[in-house]
Structures are given as structure tokens and as C-alpha cells.
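Q: My structure file target07.pdb, PDB, C-alpha atoms, is below:
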ATOM      1  CA  MET T 771       0.000   0.000   0.000
ATOM      2  CA  ASN T 772       1.238   3.468  -0.803
ATOM      3  CA  ASP T 773       0.268   6.719   0.888
ATOM      4  CA  ASP T 774      -2.528   7.257  -1.575
ATOM      5  CA  THR T 775      -4.430   4.159  -0.564
ATOM      6  CA  LEU T 776      -4.202   5.173   3.093
ATOM      7  CA  ARG T 777      -5.110   8.800   2.586
ATOM      8  CA  ASP T 778      -8.522   9.746   3.939
ATOM      9  CA  MET T 779     -11.091  10.462   1.273
ATOM     10  CA  ALA T 780     -12.353  14.046   1.201
ATOM     11  CA  CYS T 781     -15.952  14.926   0.339
ATOM     12  CA  GLN T 782     -14.848  16.536  -2.933
ATOM     13  CA  GLU T 783     -13.209  13.300  -4.054
ATOM     14  CA  LEU T 784     -16.200  11.227  -2.960
ATOM     15  CA  VAL T 785     -18.659  13.129  -5.172
ATOM     16  CA  ASP T 786     -16.299  12.604  -8.125
ATOM     17  CA  VAL T 787     -16.076   8.821  -7.732
ATOM     18  CA  ILE T 788     -19.648   8.178  -6.586
ATOM     19  CA  THR T 789     -20.782   6.766  -9.938
ATOM     20  CA  ASP T 790     -17.822   4.374 -10.000
ATOM     21  CA  TYR T 791     -18.869   3.308  -6.499
ATOM     22  CA  LEU T 792     -22.502   2.767  -7.501
ATOM     23  CA  GLU T 793     -21.417   0.947 -10.676
ATOM     24  CA  GLY T 794     -19.171  -1.361  -8.667
ATOM     25  CA  THR T 795     -16.086  -0.301 -10.607
ATOM     26  CA  LEU T 796     -14.255   1.605  -7.876
ATOM     27  CA  PRO T 797     -10.953  -0.159  -7.048
ATOM     28  CA  GLU T 798     -11.069  -2.045  -3.752
ATOM     29  CA  ALA T 799      -8.684   0.273  -1.893
ATOM     30  CA  ASP T 800     -10.723   3.329  -2.927
ATOM     31  CA  CYS T 801     -13.912   1.508  -2.025
ATOM     32  CA  THR T 802     -12.576   1.019   1.495
ATOM     33  CA  ARG T 803     -11.669   4.715   1.718
ATOM     34  CA  PHE T 804     -15.095   5.638   0.316
ATOM     35  CA  GLU T 805     -16.931   3.599   2.930
ATOM     36  CA  ALA T 806     -14.636   4.756   5.737
ATOM     37  CA  HIS T 807     -15.454   8.334   4.786
ATOM     38  CA  LEU T 808     -19.201   7.641   4.667
ATOM     39  CA  ALA T 809     -19.023   6.230   8.186
ATOM     40  CA  ILE T 810     -17.869   9.580   9.552
ATOM     41  CA  CYS T 811     -19.601  12.046   7.170
ATOM     42  CA  PRO T 812     -23.398  12.510   7.349
ATOM     43  CA  ALA T 813     -23.329  15.064   4.497
ATOM     44  CA  CYS T 814     -21.788  12.503   2.128
ATOM     45  CA  ARG T 815     -24.219   9.813   3.317
ATOM     46  CA  GLU T 816     -27.022  12.201   2.357
ATOM     47  CA  TYR T 817     -25.312  12.884  -0.985
ATOM     48  CA  LEU T 818     -25.162   9.149  -1.721
ATOM     49  CA  GLU T 819     -28.838   8.744  -0.794
ATOM     50  CA  GLN T 820     -29.684  11.659  -3.099
ATOM     51  CA  MET T 821     -27.965   9.919  -6.002
ATOM     52  CA  ARG T 822     -29.898   6.737  -5.225
ATOM     53  CA  ALA T 823     -33.182   8.671  -4.974
ATOM     54  CA  LEU T 824     -32.368  10.356  -8.290
ATOM     55  CA  VAL T 825     -31.835   7.002 -10.010
ATOM     56  CA  ARG T 826     -35.156   5.708  -8.608
ATOM     57  CA  LEU T 827     -37.023   8.853  -9.708
ATOM     58  CA  THR T 828     -35.446   8.746 -13.161
ATOM     59  CA  GLY T 829     -36.568   5.115 -13.403
ATOM     60  CA  ARG T 830     -40.166   6.320 -13.188
ATOM     61  CA  LEU T 831     -39.816   8.637 -16.190
ATOM     62  CA  THR T 832     -40.837   7.450 -19.616
ATOM     63  CA  SER T 833     -39.578   8.219 -23.096
ATOM     64  CA  LYS T 834     -41.993   9.230 -25.806
ATOM     65  CA  SER T 835     -42.883   6.319 -28.016
ATOM     66  CA  LEU T 836     -44.227   6.342 -31.570
ATOM     67  CA  GLU T 837     -47.373   8.207 -32.537
ATOM     68  CA  PRO T 838     -50.406   5.887 -32.904
ATOM     69  CA  GLU T 839     -50.581   6.650 -36.663
ATOM     70  CA  THR T 840     -46.980   5.510 -37.085
ATOM     71  CA  VAL T 841     -47.748   2.262 -35.259
ATOM     72  CA  ASP T 842     -50.805   1.708 -37.496
ATOM     73  CA  SER T 843     -48.751   2.322 -40.585
ATOM     74  CA  LEU T 844     -46.065  -0.119 -39.357
ATOM     75  CA  LEU T 845     -48.708  -2.743 -38.733
ATOM     76  CA  GLY T 846     -49.956  -2.274 -42.306
ATOM     77  CA  ALA T 847     -46.407  -2.664 -43.599
ATOM     78  CA  PHE T 848     -45.950  -5.795 -41.488
ATOM     79  CA  ARG T 849     -49.087  -7.396 -42.921
ATOM     80  CA  ARG T 850     -48.047  -6.613 -46.504
ATOM     81  CA  TRP T 851     -44.590  -8.030 -45.768
ATOM     82  CA  ARG T 852     -46.061 -11.198 -44.235
ATOM     83  CA  ASP T 853     -48.557 -11.708 -47.043
ATOM     84  CA  SER T 854     -45.954 -11.192 -49.758
ATOM     85  CA  ARG T 855     -43.815 -13.882 -48.100
ATOM     86  CA  THR T 856     -46.549 -16.445 -47.718
ATOM     87  CA  GLY T 857     -47.791 -15.743 -51.217
ATOM     88  CA  LEU T 858     -51.290 -14.753 -50.061
TER      89      LEU T 858
ATOM     90  CA  MET A1283     -24.489  -8.548 -26.740
ATOM     91  CA  VAL A1284     -23.786 -12.082 -27.769
ATOM     92  CA  PRO A1285     -26.646 -14.109 -26.320
ATOM     93  CA  THR A1286     -25.689 -16.455 -23.492
ATOM     94  CA  ALA A1287     -26.442 -20.159 -23.904
ATOM     95  CA  ASP A1288     -29.633 -20.125 -21.837
ATOM     96  CA  LYS A1289     -31.008 -17.173 -23.743
ATOM     97  CA  ARG A1290     -30.134 -18.647 -27.102
ATOM     98  CA  SER A1291     -33.217 -20.774 -27.524
ATOM     99  CA  ALA A1292     -35.539 -17.904 -26.522
ATOM    100  CA  GLU A1293     -33.739 -15.730 -29.075
ATOM    101  CA  ALA A1294     -34.072 -18.412 -31.727
ATOM    102  CA  ASP A1295     -37.798 -18.699 -30.946
ATOM    103  CA  LEU A1296     -38.207 -14.962 -31.297
ATOM    104  CA  VAL A1297     -36.474 -14.964 -34.682
ATOM    105  CA  ASP A1298     -38.542 -17.947 -35.857
ATOM    106  CA  ARG A1299     -41.812 -16.304 -34.830
ATOM    107  CA  LEU A1300     -40.879 -13.066 -36.553
ATOM    108  CA  ARG A1301     -39.772 -14.873 -39.722
ATOM    109  CA  SER A1302     -42.999 -16.843 -39.816
ATOM    110  CA  GLY A1303     -44.948 -13.566 -39.759
ATOM    111  CA  ASP A1304     -46.334 -13.718 -36.205
ATOM    112  CA  GLU A1305     -48.019 -10.369 -35.775
ATOM    113  CA  ALA A1306     -48.146 -10.486 -31.958
ATOM    114  CA  THR A1307     -44.362 -10.873 -31.839
ATOM    115  CA  PHE A1308     -43.854  -7.872 -34.085
ATOM    116  CA  VAL A1309     -46.347  -5.757 -32.119
ATOM    117  CA  CYS A1310     -44.631  -6.734 -28.867
ATOM    118  CA  LEU A1311     -41.184  -5.748 -30.194
ATOM    119  CA  VAL A1312     -42.507  -2.445 -31.520
ATOM    120  CA  SER A1313     -44.190  -1.558 -28.250
ATOM    121  CA  THR A1314     -41.208  -2.617 -26.136
ATOM    122  CA  TYR A1315     -38.430  -0.974 -28.097
ATOM    123  CA  SER A1316     -39.859   2.033 -29.934
ATOM    124  CA  ALA A1317     -39.476   4.442 -26.996
ATOM    125  CA  PRO A1318     -35.793   3.643 -26.332
ATOM    126  CA  LEU A1319     -35.197   3.561 -30.108
ATOM    127  CA  LYS A1320     -36.567   7.073 -30.355
ATOM    128  CA  ARG A1321     -34.352   8.127 -27.446
ATOM    129  CA  LEU A1322     -31.343   6.766 -29.250
ATOM    130  CA  ALA A1323     -32.358   8.421 -32.534
ATOM    131  CA  LEU A1324     -32.537  11.770 -30.753
ATOM    132  CA  ALA A1325     -28.868  11.423 -29.854
ATOM    133  CA  PHE A1326     -28.187  11.981 -33.566
ATOM    134  CA  VAL A1327     -31.092  13.800 -35.203
ATOM    135  CA  SER A1328     -32.555  17.045 -33.995
ATOM    136  CA  THR A1329     -36.318  16.773 -34.151
ATOM    137  CA  ASP A1330     -38.923  14.444 -32.782
ATOM    138  CA  ALA A1331     -40.460  14.108 -36.265
ATOM    139  CA  VAL A1332     -37.184  12.958 -37.836
ATOM    140  CA  ALA A1333     -36.566  10.558 -34.939
ATOM    141  CA  GLU A1334     -40.041   9.103 -35.530
ATOM    142  CA  GLU A1335     -39.206   8.551 -39.214
ATOM    143  CA  VAL A1336     -35.897   6.914 -38.384
ATOM    144  CA  VAL A1337     -37.584   4.522 -35.952
ATOM    145  CA  GLN A1338     -40.181   3.664 -38.566
ATOM    146  CA  GLU A1339     -37.469   3.010 -41.185
ATOM    147  CA  THR A1340     -35.681   0.830 -38.656
ATOM    148  CA  TRP A1341     -38.704  -1.435 -38.178
ATOM    149  CA  LEU A1342     -39.070  -1.772 -41.944
ATOM    150  CA  ALA A1343     -35.365  -2.665 -42.146
ATOM    151  CA  VAL A1344     -35.906  -5.267 -39.419
ATOM    152  CA  LEU A1345     -38.592  -6.941 -41.552
ATOM    153  CA  THR A1346     -36.360  -6.852 -44.620
ATOM    154  CA  GLY A1347     -33.345  -8.131 -42.695
ATOM    155  CA  ILE A1348     -34.848 -10.792 -40.409
ATOM    156  CA  PRO A1349     -34.741 -13.599 -43.011
ATOM    157  CA  ARG A1350     -30.959 -13.176 -43.160
ATOM    158  CA  PHE A1351     -30.392 -12.465 -39.440
ATOM    159  CA  GLU A1352     -27.524 -14.697 -38.304
ATOM    160  CA  GLY A1353     -27.755 -14.306 -34.545
ATOM    161  CA  ARG A1354     -24.242 -12.976 -34.064
ATOM    162  CA  SER A1355     -25.700 -10.452 -31.644
ATOM    163  CA  SER A1356     -28.979 -10.425 -29.762
ATOM    164  CA  VAL A1357     -32.061  -9.339 -31.711
ATOM    165  CA  LYS A1358     -32.249  -6.288 -29.466
ATOM    166  CA  THR A1359     -28.668  -5.189 -30.193
ATOM    167  CA  TRP A1360     -29.170  -5.835 -33.883
ATOM    168  CA  ILE A1361     -32.289  -3.626 -33.971
ATOM    169  CA  PHE A1362     -30.582  -0.809 -32.067
ATOM    170  CA  GLN A1363     -27.544  -0.969 -34.317
ATOM    171  CA  ILE A1364     -29.750  -0.627 -37.386
ATOM    172  CA  LEU A1365     -31.287   2.438 -35.743
ATOM    173  CA  ALA A1366     -27.927   3.976 -34.824
ATOM    174  CA  ASN A1367     -26.599   3.538 -38.378
ATOM    175  CA  ARG A1368     -29.721   5.029 -39.908
ATOM    176  CA  ALA A1369     -29.836   7.926 -37.498
ATOM    177  CA  LYS A1370     -26.185   8.786 -38.223
ATOM    178  CA  THR A1371     -26.777   8.589 -41.975
ATOM    179  CA  ARG A1372     -29.844  10.772 -41.629
ATOM    180  CA  ALA A1373     -27.946  13.350 -39.564
ATOM    181  CA  ILE A1374     -25.249  13.558 -42.234
ATOM    182  CA  ARG A1375     -27.799  13.780 -45.039
ATOM    183  CA  ASP A1376     -29.590  16.606 -43.239
ATOM    184  CA  ARG A1377     -26.187  18.279 -42.834
ATOM    185  CA  ARG A1378     -26.745  18.686 -39.168
ATOM    186  CA  THR A1379     -23.577  19.985 -37.643
ATOM    187  CA  ILE A1380     -23.688  17.305 -35.026
ATOM    188  CA  ASN A1381     -20.611  16.791 -32.999
ATOM    189  CA  PHE A1382     -20.096  13.042 -33.112
ATOM    190  CA  SER A1383     -16.897  13.494 -31.195
ATOM    191  CA  GLU A1384     -19.044  14.397 -28.227
ATOM    192  CA  LEU A1385     -20.154  10.775 -28.105
ATOM    193  CA  GLU A1386     -16.695   9.421 -28.762
ATOM    194  CA  ASP A1387     -14.716  11.781 -26.569
ATOM    195  CA  PRO A1388     -16.862  12.772 -23.641
ATOM    196  CA  LEU A1389     -13.802  13.620 -21.588
ATOM    197  CA  GLY A1390     -13.295  16.744 -23.673
ATOM    198  CA  GLN A1391     -14.757  19.216 -21.248
ATOM    199  CA  ASP A1392     -14.274  18.995 -17.547
ATOM    200  CA  GLN A1393     -17.407  19.411 -15.468
ATOM    201  CA  PRO A1394     -17.119  18.926 -11.727
ATOM    202  CA  ALA A1395     -19.918  16.887 -10.122
ATOM    203  CA  VAL A1396     -20.441  19.670  -7.587
ATOM    204  CA  ASP A1397     -19.379  23.325  -7.713
ATOM    205  CA  PRO A1398     -15.826  23.410  -6.214
ATOM    206  CA  ALA A1399     -16.827  26.543  -4.281
ATOM    207  CA  ARG A1400     -18.905  24.308  -2.013
ATOM    208  CA  PHE A1401     -15.796  22.627  -0.594
ATOM    209  CA  HIS A1402     -13.014  23.937   1.624
ATOM    210  CA  PRO A1403      -9.882  24.600  -0.455
ATOM    211  CA  ALA A1404      -7.036  22.095  -0.533
ATOM    212  CA  ALA A1405      -5.002  24.449   1.643
ATOM    213  CA  HIS A1406      -7.607  24.437   4.423
ATOM    214  CA  PRO A1407      -5.804  23.674   7.724
ATOM    215  CA  THR A1408      -8.199  21.057   9.107
ATOM    216  CA  MET A1409     -10.792  20.075   6.496
ATOM    217  CA  PRO A1410      -9.325  20.316   2.985
ATOM    218  CA  GLY A1411     -11.787  19.181   0.314
ATOM    219  CA  HIS A1412     -14.621  18.763   2.807
ATOM    220  CA  TRP A1413     -18.037  20.379   2.401
ATOM    221  CA  SER A1414     -18.142  24.046   3.332
ATOM    222  CA  SER A1415     -21.700  24.215   2.007
ATOM    223  CA  PRO A1416     -23.087  20.688   2.509
ATOM    224  CA  PRO A1417     -26.044  19.376   0.495
ATOM    225  CA  GLY A1418     -29.505  20.115   1.868
ATOM    226  CA  ILE A1419     -31.297  17.118   3.316
ATOM    227  CA  TRP A1420     -34.075  15.899   1.019
ATOM    228  CA  SER A1421     -33.330  12.341  -0.083
ATOM    229  CA  ALA A1422     -35.949  10.906   2.284
ATOM    230  CA  SER A1423     -38.709  13.187   0.956
ATOM    231  CA  ALA A1424     -37.738  12.921  -2.724
ATOM    232  CA  GLU A1425     -40.333  10.254  -3.326
ATOM    233  CA  ASP A1426     -43.016  11.909  -1.248
ATOM    234  CA  ALA A1427     -46.256  11.860  -3.253
ATOM    235  CA  VAL A1428     -46.760  15.580  -3.847
ATOM    236  CA  LEU A1429     -43.200  16.857  -3.936
ATOM    237  CA  GLY A1430     -42.138  13.777  -5.847
ATOM    238  CA  ARG A1431     -44.665  14.334  -8.618
ATOM    239  CA  GLU A1432     -43.493  17.890  -9.172
ATOM    240  CA  ALA A1433     -39.899  16.758  -8.944
ATOM    241  CA  MET A1434     -40.583  14.289 -11.744
ATOM    242  CA  GLY A1435     -41.644  17.162 -13.985
ATOM    243  CA  VAL A1436     -38.459  19.056 -13.155
ATOM    244  CA  LEU A1437     -36.424  15.936 -13.754
ATOM    245  CA  GLN A1438     -38.049  15.209 -17.116
ATOM    246  CA  ARG A1439     -37.363  18.754 -18.311
ATOM    247  CA  GLU A1440     -33.749  18.724 -17.158
ATOM    248  CA  LEU A1441     -33.095  15.298 -18.641
ATOM    249  CA  ASP A1442     -34.213  16.678 -22.000
ATOM    250  CA  ARG A1443     -31.792  19.590 -21.554
ATOM    251  CA  LEU A1444     -28.698  17.490 -20.873
ATOM    252  CA  PRO A1445     -25.998  17.475 -23.572
ATOM    253  CA  ARG A1446     -27.058  14.792 -26.052
ATOM    254  CA  ALA A1447     -24.442  12.171 -25.152
ATOM    255  CA  GLN A1448     -25.198  12.450 -21.421
ATOM    256  CA  ARG A1449     -28.918  12.463 -22.149
ATOM    257  CA  VAL A1450     -28.936   9.264 -24.184
ATOM    258  CA  VAL A1451     -26.726   7.432 -21.670
ATOM    259  CA  VAL A1452     -28.797   8.503 -18.631
ATOM    260  CA  ALA A1453     -32.044   7.698 -20.470
ATOM    261  CA  LEU A1454     -30.966   4.224 -21.581
ATOM    262  CA  ARG A1455     -29.421   3.365 -18.207
ATOM    263  CA  ASP A1456     -31.851   4.956 -15.773
ATOM    264  CA  VAL A1457     -35.146   5.433 -17.652
ATOM    265  CA  HIS A1458     -34.984   2.192 -19.631
ATOM    266  CA  GLY A1459     -32.865   0.229 -17.164
ATOM    267  CA  TRP A1460     -30.280  -1.051 -19.637
ATOM    268  CA  PRO A1461     -27.066  -2.600 -18.304
ATOM    269  CA  ALA A1462     -23.880  -0.626 -18.967
ATOM    270  CA  ALA A1463     -22.539  -3.190 -21.445
ATOM    271  CA  GLU A1464     -25.544  -2.819 -23.770
ATOM    272  CA  VAL A1465     -25.310   0.962 -23.744
ATOM    273  CA  CYS A1466     -21.608   0.741 -24.611
ATOM    274  CA  GLU A1467     -22.270  -1.683 -27.444
ATOM    275  CA  VAL A1468     -25.080   0.266 -29.056
ATOM    276  CA  LEU A1469     -23.391   3.673 -28.729
ATOM    277  CA  GLY A1470     -19.883   2.421 -29.474
ATOM    278  CA  LEU A1471     -18.555   3.777 -26.188
ATOM    279  CA  SER A1472     -15.853   2.399 -23.926
ATOM    280  CA  GLU A1473     -17.040   1.426 -20.454
ATOM    281  CA  ALA A1474     -14.992   4.249 -18.943
ATOM    282  CA  ASN A1475     -16.528   6.863 -21.231
ATOM    283  CA  GLN A1476     -20.013   5.506 -20.644
ATOM    284  CA  ARG A1477     -19.429   5.944 -16.894
ATOM    285  CA  VAL A1478     -18.130   9.485 -17.337
ATOM    286  CA  LEU A1479     -21.259  10.439 -19.292
ATOM    287  CA  LEU A1480     -23.531   8.738 -16.753
ATOM    288  CA  HIS A1481     -21.693  10.453 -13.901
ATOM    289  CA  ARG A1482     -21.909  13.897 -15.460
ATOM    290  CA  GLY A1483     -25.551  13.510 -16.384
ATOM    291  CA  ARG A1484     -26.596  12.156 -12.992
ATOM    292  CA  SER A1485     -24.515  14.734 -11.124
ATOM    293  CA  ARG A1486     -26.156  17.529 -13.061
ATOM    294  CA  LEU A1487     -29.649  16.146 -12.457
ATOM    295  CA  ARG A1488     -28.909  15.747  -8.743
ATOM    296  CA  GLY A1489     -27.878  19.404  -8.641
ATOM    297  CA  VAL A1490     -31.159  20.415 -10.253
ATOM    298  CA  LEU A1491     -33.162  18.322  -7.792
ATOM    299  CA  GLU A1492     -31.191  19.817  -4.928
ATOM    300  CA  ALA A1493     -32.106  23.320  -6.092
ATOM    301  CA  TYR A1494     -35.749  22.259  -6.444
ATOM    302  CA  PHE A1495     -36.016  20.606  -3.017
ATOM    303  CA  THR A1496     -34.112  23.411  -1.290
ATOM    304  CA  GLU A1497     -36.635  25.898  -2.641
ATOM    305  CA  ASN A1498     -39.731  23.787  -2.033
ATOM    306  CA  ALA A1499     -39.030  21.714   1.042
TER     307      ALA A1499
END
Mind turning the file's structure into C-alpha cells?

A:
Amino acid sequence: MNDDTLRDMACQELVDVITDYLEGTLPEADCTRFEAHLAICPACREYLEQMRALVRLTGRLTSKSLEPETVDSLLGAFRRWRDSRTGL
Amino acid sequence: MVPTADKRSAEADLVDRLRSGDEATFVCLVSTYSAPLKRLALAFVSTDAVAEEVVQETWLAVLTGIPRFEGRSSVKTWIFQILANRAKTRAIRDRRTINFSELEDPLGQDQPAVDPARFHPAAHPTMPGHWSSPPGIWSASAEDAVLGREAMGVLQRELDRLPRAQRVVVALRDVHGWPAAEVCEVLGLSEANQRVLLHRGRSRLRGVLEAYFTENA
């Protein structure tokens, strides 16, 4: 271990690596520092919970799908495609 | 993604049903994937109407291509790659001055997750890099029925305002729940760059929610 792996994590570093932490890609030594920091820093615990709440809220959003007329027109195209293949 | 062994037979069934002209299978694919397809199209083209056309063309290309589909990728990846290719071609044809390098080189501009002014400077005697202006406390009330509903509106608007590469990554990951590997494959991004885009997009959205909850809590 070098000095870097032992150095305490500061809040400013934590917010920069938080996505790596949530994605499970933070190196083990940094993960230990991350969790050691969380244990002593309520503000960063709140920050982490905010990121988790954000991901849950974003998961409830939807993207706009196709207009109904486009879907109808695709269905028409599908039927023509199917019928041309089966020779009907 | 290359289908895993246990998914292979389900994939083969899907392809067989589509090839045999099973309408329910086609309808199911269209209703499942059209929204994320449109999201992806909007990473390249500028208007909703053009994105709609590109998605429509993609489904027609799926019908034309399915008889020759060889299963080297999953059906899903194949469909999204058709879309990505068509959307890029369309963007070039429309001479949109789209910055593709933004997708390929997201590390270009440095954006801190949180305004550096909110931390003590590195030279601070006792708490270097620690919060000087800590985040307000709202995570527990974020999903509260009333506040949460309004917050969703704010979130939707800000998601649509993110730079396009961040927007498509956050939407595919967090709105549509895709795993990182699929997002990388469809967008041609490295895992590291995908994470940078996700991090920047999420950090920005968190900042917007913080401003909203601080004002309204």
C-alpha cells in the first residue's frame, strides 16, 4: 500500500467517484476509503442517498414512443410483408 | 451482446416467430423498443419528427433483414444498431452539424460533479476538500407523493436539456434500465466513457433536484 491508498477520502473526491462506487467499478482500496469516509460524514451519506433517490425517480420517467398513426402504418407494412412472403 | 447459452433458444424462438410472420411478436417488439429507439435516434437527429421517421425506417429494415439475421448479436442489439446507423446517416444527409466526437470523446470538457466553491480549499488547515456548504437534506422526501410528482416534472425537463451524449446514456441506463454493457455496445462507447457520461448527467440532475427541493421543502 502506498500513501494514496491510506489517505482519507475528502468529500470533494467522494462526489467525483460516486458513480464508480454505484457501478461497482471503484478499485477495492478506494472503495474502502469511500466507505470509511461515509461512516464519519453525514453530508456525504445524504449525498449518496440523493444519487440513489435520483436514479429511482429517473426510473419512473418514460420516453416518448411512436405516434399511434406511425404504429398503425407499421402494422400495415408488417401485414403486406407477411402476405408477400406467404404468397397470399 | 452475444446471447448467453440459456437465452439462445428464446432468441431463436423470437427470430422464428418473426420470420414466420407472427403479428403479436412484431407488435410486442414495436411496443417494447420504440421508446428507447426514439431516445437513441434523438442522440443523432434534432427533431422528434425525424426521430419518428428513423424509428419507422428501422422497423421496416428489421422486416427486410430478419430472413438473413444470423444471430451474431442479440435481436435487441441488432435492432438498435440498425437504428444507430440510420440515425447517423440521416444526420449527415440533413447536414446537421452534429458533434459526433461528443459521443466518442466525452472527456473533452471537464465538469465537476459539484461546484468546487462548495468545498473547503485544498489548503484548508483542518478540512481540505470537505463540504463548506453541505447538500440540503431531502433524499428521504424525494419520493413523497406531492413533492415527488413535481420533482418528476423538473427531472423530465432537465433530462431533455442534458448534452445529447449524457442524455442518451442517462435515459438508456436509468429510464430504460439497460445494463452498462448494452449501452456501450449500441453507442460504441468504452465502459470508462459511458461511466463518465452517466456520472456527469446524474450529477447535473442531482444538482437540479437539490435546487428544487431546497426551494420547495

Q: Name every residue that the ChimeraX specification (/T :<7) & /A selects in this structure, writing the answer as a tab-separated table (two decimals) with C-alpha atoms, keeping the file's coordinate frame with chains first and numbers rising.

A:
chain	number	residue	atom	x	y	z
A	1303	GLY	CA	-44.95	-13.57	-39.76
A	1316	SER	CA	-39.86	2.03	-29.93
A	1317	ALA	CA	-39.48	4.44	-27.00
A	1318	PRO	CA	-35.79	3.64	-26.33
A	1320	LYS	CA	-36.57	7.07	-30.36
A	1321	ARG	CA	-34.35	8.13	-27.45
A	1334	GLU	CA	-40.04	9.10	-35.53
A	1395	ALA	CA	-19.92	16.89	-10.12
A	1401	PHE	CA	-15.80	22.63	-0.59
A	1411	GLY	CA	-11.79	19.18	0.31
A	1412	HIS	CA	-14.62	18.76	2.81
A	1413	TRP	CA	-18.04	20.38	2.40
A	1416	PRO	CA	-23.09	20.69	2.51
A	1417	PRO	CA	-26.04	19.38	0.50
A	1419	ILE	CA	-31.30	17.12	3.32
A	1421	SER	CA	-33.33	12.34	-0.08
A	1424	ALA	CA	-37.74	12.92	-2.72
A	1434	MET	CA	-40.58	14.29	-11.74
A	1438	GLN	CA	-38.05	15.21	-17.12
A	1456	ASP	CA	-31.85	4.96	-15.77
A	1457	VAL	CA	-35.15	5.43	-17.65
A	1481	HIS	CA	-21.69	10.45	-13.90
A	1488	ARG	CA	-28.91	15.75	-8.74

Q: Which centre and which edge lengths, in Å to one decimal, describe the axis-aligned box that holds all listed atoms of stretch 820-833 of chain T after 8 Å is added on each side, as JSON?

A:
{"center_x": -34.4, "center_y": 8.4, "center_z": -13.1, "size_x": 28.9, "size_y": 22.5, "size_z": 36.0}

Q: List every protein, DNA or RNA residue with an atom no more than 12 Å from (-26.9, -12.8, -35.9) in the file's coordinates, counting all atoms listed in the file, and format the result as a PDB file with C-alpha atoms, in the frame of the given file.

A:
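point.pdb written:
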ATOM      1  CA  MET A1283     -24.489  -8.548 -26.740  1.00  0.00           C
ATOM      2  CA  VAL A1284     -23.786 -12.082 -27.769  1.00  0.00           C
ATOM      3  CA  PRO A1285     -26.646 -14.109 -26.320  1.00  0.00           C
ATOM      4  CA  ARG A1290     -30.134 -18.647 -27.102  1.00  0.00           C
ATOM      5  CA  GLU A1293     -33.739 -15.730 -29.075  1.00  0.00           C
ATOM      6  CA  ALA A1294     -34.072 -18.412 -31.727  1.00  0.00           C
ATOM      7  CA  VAL A1297     -36.474 -14.964 -34.682  1.00  0.00           C
ATOM      8  CA  GLY A1347     -33.345  -8.131 -42.695  1.00  0.00           C
ATOM      9  CA  ILE A1348     -34.848 -10.792 -40.409  1.00  0.00           C
ATOM     10  CA  PRO A1349     -34.741 -13.599 -43.011  1.00  0.00           C
ATOM     11  CA  ARG A1350     -30.959 -13.176 -43.160  1.00  0.00           C
ATOM     12  CA  PHE A1351     -30.392 -12.465 -39.440  1.00  0.00           C
ATOM     13  CA  GLU A1352     -27.524 -14.697 -38.304  1.00  0.00           C
ATOM     14  CA  GLY A1353     -27.755 -14.306 -34.545  1.00  0.00           C
ATOM     15  CA  ARG A1354     -24.242 -12.976 -34.064  1.00  0.00           C
ATOM     16  CA  SER A1355     -25.700 -10.452 -31.644  1.00  0.00           C
ATOM     17  CA  SER A1356     -28.979 -10.425 -29.762  1.00  0.00           C
ATOM     18  CA  VAL A1357     -32.061  -9.339 -31.711  1.00  0.00           C
ATOM     19  CA  LYS A1358     -32.249  -6.288 -29.466  1.00  0.00           C
ATOM     20  CA  THR A1359     -28.668  -5.189 -30.193  1.00  0.00           C
ATOM     21  CA  TRP A1360     -29.170  -5.835 -33.883  1.00  0.00           C
ATOM     22  CA  ILE A1361     -32.289  -3.626 -33.971  1.00  0.00           C
ATOM     23  CA  GLN A1363     -27.544  -0.969 -34.317  1.00  0.00           C
TER      24      GLN A1363
END

Q: Need the shell around A:Leu1480: protein/DNA/RNA residues with any atom at most 7 Å away, counting all atoms listed in the file. Skip same-chain ones fewer than 5 positions apart. Format as a PyMOL selection string?

A: chain A and resi 1448+1451-1452

Q: Write out the residues from the selection above, keeping C-alpha atoms, as a PDB file, in the coordinates of the input.

A:
ATOM      1  CA  GLN A1448     -25.198  12.450 -21.421  1.00  0.00           C
ATOM      2  CA  VAL A1451     -26.726   7.432 -21.670  1.00  0.00           C
ATOM      3  CA  VAL A1452     -28.797   8.503 -18.631  1.00  0.00           C
TER       4      VAL A1452
END

Q: Would you compute the distance between atom CA of A:Thr1371 and atom CA of A:Glu1473? Give it in Å to one decimal.

A: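 It comes out at 24.7 Å.
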
Q: The PyMOL selection byres ((chain A and resi 1369) around 8) on the file shown: which residues, as an MDAnalysis selection string?

A: chainID A and resid 1323 1326:1327 1333 1336 1365:1368 1370:1373

Q: One decimal, Å: what's the distance from atom CA of T:Leu792 over to atom CA of A:Val1478, could you say?

A: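 So the two atoms, atom CA of T:Leu792 and atom CA of A:Val1478, lie 12.7 Å apart.
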
Q: What is the atom CA of A:Gly1483-atom CA of A:Pro1445 distance in Å, reported with one decimal?

A: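 Pair atom CA of A:Gly1483 / atom CA of A:Pro1445 returns 8.2 Å.
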
Q: Could you spell out the hits of the PyMOL selection byres ((chain A and resi 1433) around 12) on the shown file, as an NGL selection string?

A: (:T and (823-824 or 827-828 or 830-831)) or (:A and (1420-1421 or 1423-1432 or 1434-1441 or 1487-1488 or 1490-1499))
